[in-house]
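Since the structure comes first, as structure tokens, the remarks are kept for the end.
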Amino acid sequence: MDKIDYEIFMGTKLFKRTGGKKNRKEQVRNMQRFADWVKQAHPEIRSLGQVGRKQVAHFWRAHSNKSESYKRNLYYAIRYIWKKILHRTSNPPHFEKV
């Protein structure tokens with residue numbers, strides 16, 4: 001487990017315990033998908049703190065052929081990382097605006 005995976009694991013411990021379990025599990029899986037994509041597409045990034053608007057916009061361009069509902073679910077996962085784990089006040093780039 002590298003640092004990005006560990007940061008997602010620690011940031012979602014409480015998140016996984018509350019609410020609808022199936023939905024929370026799927027959201028954590030989407031967060032992990034995003035983290036895996038970042039590690040593969042940007043190997044120079046070692047921590048979630050290094051992920052910025054540029055990487056998220058690149059992610060949306062790479063996944064532009066996916067369905068709207070799939071992109072919406074991924075957006076919710078990225079927004080959770082952006083707001084709750086990274087403690088940023090702004091919103092991440094939205095898939096419709098990239």
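Labeling convention for the structure tokens: chains A, B, ... as they appear, residues from 1 per chain, ligands from 1 in order of appearance.
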Task: Contacts of A:Gln32 within 10 Å, only C-alpha atoms, excl. fewer than 4 positions in-chain, as JSON, numbers by chain - done: {"A": [4, 5, 8, 9, 26, 27, 28, 36, 37, 38, 77, 78]}
Residues of the last selection are to be written out with N, CA, C and O atoms, as a short mmCIF file (atom, residue, chain, number, x, y, z; two decimals), in the first residue's frame.
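Written out: again-v2.cif:
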```cif
data_model
loop_
_atom_site.label_atom_id
_atom_site.label_comp_id
_atom_site.auth_asym_id
_atom_site.auth_seq_id
_atom_site.Cartn_x
_atom_site.Cartn_y
_atom_site.Cartn_z
N ILE A 4 -0.71 7.19 -1.37
CA ILE A 4 -2.02 7.63 -1.86
C ILE A 4 -3.10 6.66 -1.38
O ILE A 4 -4.16 7.09 -0.90
N ASP A 5 -2.85 5.37 -1.48
CA ASP A 5 -3.82 4.38 -1.01
C ASP A 5 -4.05 4.50 0.49
O ASP A 5 -5.18 4.40 0.97
N ILE A 8 -6.27 7.52 1.28
CA ILE A 8 -7.68 7.24 1.01
C ILE A 8 -8.24 6.30 2.06
O ILE A 8 -9.35 6.50 2.56
N PHE A 9 -7.48 5.29 2.45
CA PHE A 9 -7.93 4.36 3.48
C PHE A 9 -8.21 5.09 4.79
O PHE A 9 -9.27 4.91 5.40
N GLU A 26 -19.24 1.54 -2.77
CA GLU A 26 -19.08 1.92 -4.17
C GLU A 26 -18.35 3.26 -4.29
O GLU A 26 -17.50 3.44 -5.17
N GLN A 27 -18.68 4.21 -3.42
CA GLN A 27 -18.01 5.50 -3.45
C GLN A 27 -16.52 5.36 -3.14
O GLN A 27 -15.69 5.99 -3.78
N VAL A 28 -16.19 4.53 -2.16
CA VAL A 28 -14.78 4.31 -1.82
C VAL A 28 -14.08 3.63 -3.00
O VAL A 28 -12.94 3.95 -3.33
N ASP A 36 -5.98 5.30 -8.47
CA ASP A 36 -5.22 4.40 -9.34
C ASP A 36 -4.92 5.06 -10.68
O ASP A 36 -3.83 4.90 -11.22
N TRP A 37 -5.90 5.79 -11.22
CA TRP A 37 -5.68 6.47 -12.48
C TRP A 37 -4.61 7.55 -12.32
O TRP A 37 -3.74 7.70 -13.20
N VAL A 38 -4.65 8.29 -11.22
CA VAL A 38 -3.64 9.33 -10.99
C VAL A 38 -2.26 8.71 -10.90
O VAL A 38 -1.30 9.22 -11.49
N ALA A 77 -17.21 11.14 -5.74
CA ALA A 77 -16.05 10.56 -5.07
C ALA A 77 -14.87 11.54 -5.06
O ALA A 77 -14.21 11.72 -4.03
N ILE A 78 -14.64 12.19 -6.19
CA ILE A 78 -13.54 13.17 -6.26
C ILE A 78 -13.84 14.36 -5.36
O ILE A 78 -12.94 14.88 -4.69
#
```
Task: Selection near A:Ala57, 8 Å with only C-alpha atoms, sequence-local residues under 3 positions removed, as a PyMOL selection string - done: chain A and resi 53-54+60-61+93+95+98
Open item on the list: Residues of stretch 3-89 of chain A classed as alpha helix (DSSP H) by DSSP on the backbone are to be reported as a ChimeraX atom specification.
Closed with: /A:3-11,13-17,21-41,53-62,68-80
TODO: To one decimal in Å, tell me the separation between atom CA of A:Gln40 and atom CA of A:Lys22.
DONE: 26.8 Å
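Nearest to A:Arg88 of all the residues A:Met31, A:Ala41, A:Met10, A:Leu48 is A:Leu48, based on only C-alpha atoms.
Nearest to A:Asn30 of all the residues A:Asn65, A:Thr12, A:Gln50, A:Gln55 is A:Thr12, counting only C-alpha atoms.
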Open item on the list: Please list as a ChimeraX atom specification every residue within 10 Å of A:Trp82, counting only C-alpha atoms and excluding residues in the same chain fewer than 2 positions away.
Closed with: /A:48-49,51-53,76-80,84-92
Go ahead and write the residues just picked, C-alpha atoms, as an mmCIF file, in the first residue's frame.
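The result, stored in out-v7.cif:
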```cif
data_model
loop_
_atom_site.group_PDB
_atom_site.id
_atom_site.type_symbol
_atom_site.label_atom_id
_atom_site.label_comp_id
_atom_site.auth_asym_id
_atom_site.auth_seq_id
_atom_site.Cartn_x
_atom_site.Cartn_y
_atom_site.Cartn_z
ATOM 1 C CA LEU A 48 -3.082 13.179 -2.602
ATOM 2 C CA GLY A 49 -2.000 16.678 -1.598
ATOM 3 C CA VAL A 51 -3.386 16.318 -6.907
ATOM 4 C CA GLY A 52 -4.787 19.544 -8.315
ATOM 5 C CA ARG A 53 -7.211 20.920 -10.860
ATOM 6 C CA TYR A 76 -19.035 12.724 -5.980
ATOM 7 C CA ALA A 77 -16.047 10.558 -5.066
ATOM 8 C CA ILE A 78 -13.545 13.166 -6.263
ATOM 9 C CA ARG A 79 -15.458 15.893 -4.439
ATOM 10 C CA TYR A 80 -15.252 13.881 -1.203
ATOM 11 C CA LYS A 84 -13.067 16.053 3.229
ATOM 12 C CA ILE A 85 -9.643 14.469 2.833
ATOM 13 C CA LEU A 86 -7.701 17.401 1.350
ATOM 14 C CA HIS A 87 -9.742 20.089 3.212
ATOM 15 C CA ARG A 88 -10.017 22.416 0.220
ATOM 16 C CA THR A 89 -12.731 25.055 0.204
ATOM 17 C CA SER A 90 -13.268 25.198 -3.564
ATOM 18 C CA ASN A 91 -14.958 22.528 -5.666
ATOM 19 C CA PRO A 92 -12.999 20.260 -7.997
#
```
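Minimum atom-to-atom distance to A:Arg72, evaluated using only C-alpha atoms, belongs to A:Glu96 out of A:Glu96, A:Ile45, A:Thr18, A:His58.
The shortest atom-to-atom distance to A:Phe15, with only C-alpha atoms taken into account, belongs to A:Ile81 out of A:Asn73, A:Ile81, A:Met1, A:Lys97.
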